[in-house]
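Shown next, in structure tokens, is the structure this report addresses.
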Amino acid sequence: MAINWFKYAAPASFYGLAGKMVPFFAWPAAILFALGIYIGFFVAPTDAVQSEAYRIMFIHVPVSILSMFIYLVMAGYAALGLIFNTRLSSMMATALAPTGALFAFIALWTGALWGKPMWGAWWVWDARLTSELILLFLYLGFIALQASIDDPRRADRAGALLAIVGSVNVPIIYFSVKWWNTLHQGSSIKFSDTSMHIAMKQALFIMLAACWLYVIAVTLVRVRSIILERERNTQWVSELAEVREGERS
Amino acid sequence: MRARTKTLLFIIGGIAVIAAAVGLVLYALKDNVSLYFTPTQVFNKEAPLAHSFRIGGLVEVGSVKRETDGLTVHFIITDTLKSMPVTYKGILPDLFKEGKGVVAQGKLQADNVFYAEEVLAKHDENYMPPEAKDALDKAAKAQSAVNSASAVPATITPAK
């Protein structure tokens, strides 16, 4: 009865499992993305205050939420790798970082595109915007630190330390609009309620689900290549069908 | 104690210490982290009155006056407790409206008027179609009519 969960903590067995899981996340992501964009642009009504410009939130909000969430997951994996010395956890942390950085960048970029027509400024140094910029730098710092250390296990440990320390920034981003006077408005999605029209809410949550699934799919693909790269000298990699095929041709 | 327990405790302790340090720093910088001062803070002289600073609040309803040059505009920023007259010459953002949020950067001059160099609009987190907004506004109006009717019956204006 007992399933040996730790079996899949070994990179060799997770490699195959991850490969099988990718389509189950990638296809729903693509379908939900199309659906979310459709509802967001054609079904959701015009906003009373911001007219059509508010629609940028269907990208901006999911990507911003996930840029924070990915960081916490990344720091969690990095901590697991540090505590239990599991190689796969550290590889997952490394695999999550580029997507997190991309999402933090898109959050800032779409935020600027939204801020110019609505607020009247591309950028202000308010607490929300500044702490999100720090998040982008933390991601880039994590990637750069790992890339600068040749030994992958030492790179994992150094990166883990930075990721764990940086996680203090995430609650600061989230609560910044509550704690200080900011130009950025408060959260529309609260734990109890949302302050949004129903079709807007649907589009937003579908886009959030789509982005979430995309993150999982792309991270699995990336962790597979990290596993291959780090285990390239092992027996099991040389016996993989795709590796042997590549050598023959 | 096993090595992994030690690492775990080290990480938890480390996060707690760093969180406390960052928390104290942010608490000390509380006024500097905030983007703007409210009119009440300005009246309490918490704002750096000698320098340029930002003031934020709502544009008081009925306070916006444009000069004939079409660019200079006078309005009052209020936090419902205190109000601050503002003069600005330039293009206002589209969302600038009476009763809505605004953040202005500039200097308080000797005549107690805030001369703004930049005016930004602040919108809230509520999104709804125009019809829903109309319904809400009507309900608010009806409510305030009822309130004022019960308080001062003489001020009722007939509904249009």
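Naming works like this for the structure tokens: A, B, ... for the chains as they're shown, residue 1 at the start of each chain, ligands 1 onward in shown order.
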
Which chain A residues are at most 10 Å from chain B (counting only C-alpha atoms), as a PyMOL selection string? chain A and resi 44-51+54+79-80+82-85+115-121+124-128+130+161+164-169+172+176-177+179-189+194-201

Apply DSSP to the backbone of this structure and, from segment 33-178 of chain A, keep only the residues in alpha helix (DSSP H); write these as number ranges by chain. A: 33-38, 57-84, 87-118, 127-148, 152-166, 169-178

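Here atom CA of Gln202 of chain A is placed at a distance of 18.2 Å from atom CA of Tyr214 of chain A.
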
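The closest residue to Phe114 of chain B, picked from B:Lys97, B:His51, B:Arg2, B:Arg66 and counting only C-alpha atoms, is B:His51.
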
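Excluding Val170 of chain A itself and any same-chain residue fewer than 5 positions from it, the protein and nucleic acid residues within 10 Å of it, counting only C-alpha atoms, are A:Ser67, A:Met68, A:Phe69, A:Tyr71, A:Leu72, A:Ser131, A:Glu132, A:Ile134, A:Leu135, A:Phe175, A:Ser176.
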
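Of note, atom CA of Ile39 of chain A and atom CA of His60 of chain A are spaced 15.6 Å apart.
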
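Residues within 9 Å of Leu66 of chain A, counting only C-alpha atoms and excluding same-chain residues fewer than 4 positions away, are Val61, Pro62, Ile70, Tyr71, Gly100, Phe103, Ala104, Leu208, Cys211, Trp212 and Val215 of chain A.
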
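DSSP, applied to the backbone of this structure, assigns strand (DSSP E or B) to the following residues of segment 1-226 of chain A: Asp47, Ser51, Ile189, Thr194 and Met196 of chain A.
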
For the selection you just gave me, I'd like the residues written to a file as an mmCIF file, in the first residue's frame, keeping C-alpha atoms.
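again.cif was written with the following content:
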data_model
loop_
_atom_site.group_PDB
_atom_site.id
_atom_site.type_symbol
_atom_site.label_atom_id
_atom_site.label_comp_id
_atom_site.auth_asym_id
_atom_site.auth_seq_id
_atom_site.Cartn_x
_atom_site.Cartn_y
_atom_site.Cartn_z
ATOM 1 C CA ASP A 47 -14.822 49.752 -16.313
ATOM 2 C CA SER A 51 -12.781 52.383 -19.372
ATOM 3 C CA ILE A 189 -8.538 40.062 -4.572
ATOM 4 C CA THR A 194 -13.253 40.702 -4.292
ATOM 5 C CA MET A 196 -14.907 43.383 -8.905
#

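With only C-alpha atoms as the atoms that count, the minimum distance from Gly81 of chain A to the choices A:Ile227, A:Ala9, A:Ala112, A:Val22 is reached by A:Ala9.
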
Pairwise distance for atom CA of Ala75 of chain A and atom CA of Asp150 of chain A, rounded to one decimal in Å: 21.0 Å

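Residues in contact range of segment 140-144 of chain A, defined as at most 7 Å between only C-alpha atoms, with sequence neighbours fewer than 5 positions away removed, read A:Ala97, A:Ala101, A:Gly159, A:Leu162, A:Ala163.
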
Please, could you write that set of residues out with C-alpha atoms as a JSON list (two decimals), in the first residue's frame?
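Final output, part_30.json:
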[["chain", "number", "residue", "atom", "x", "y", "z"],
["A", 97, "ALA", "CA", 14.15, 31.31, -10.86],
["A", 101, "ALA", "CA", 12.31, 36.78, -12.90],
["A", 159, "GLY", "CA", 21.78, 30.47, -3.88],
["A", 162, "LEU", "CA", 20.14, 34.32, -0.83],
["A", 163, "ALA", "CA", 16.68, 32.91, -1.66]]
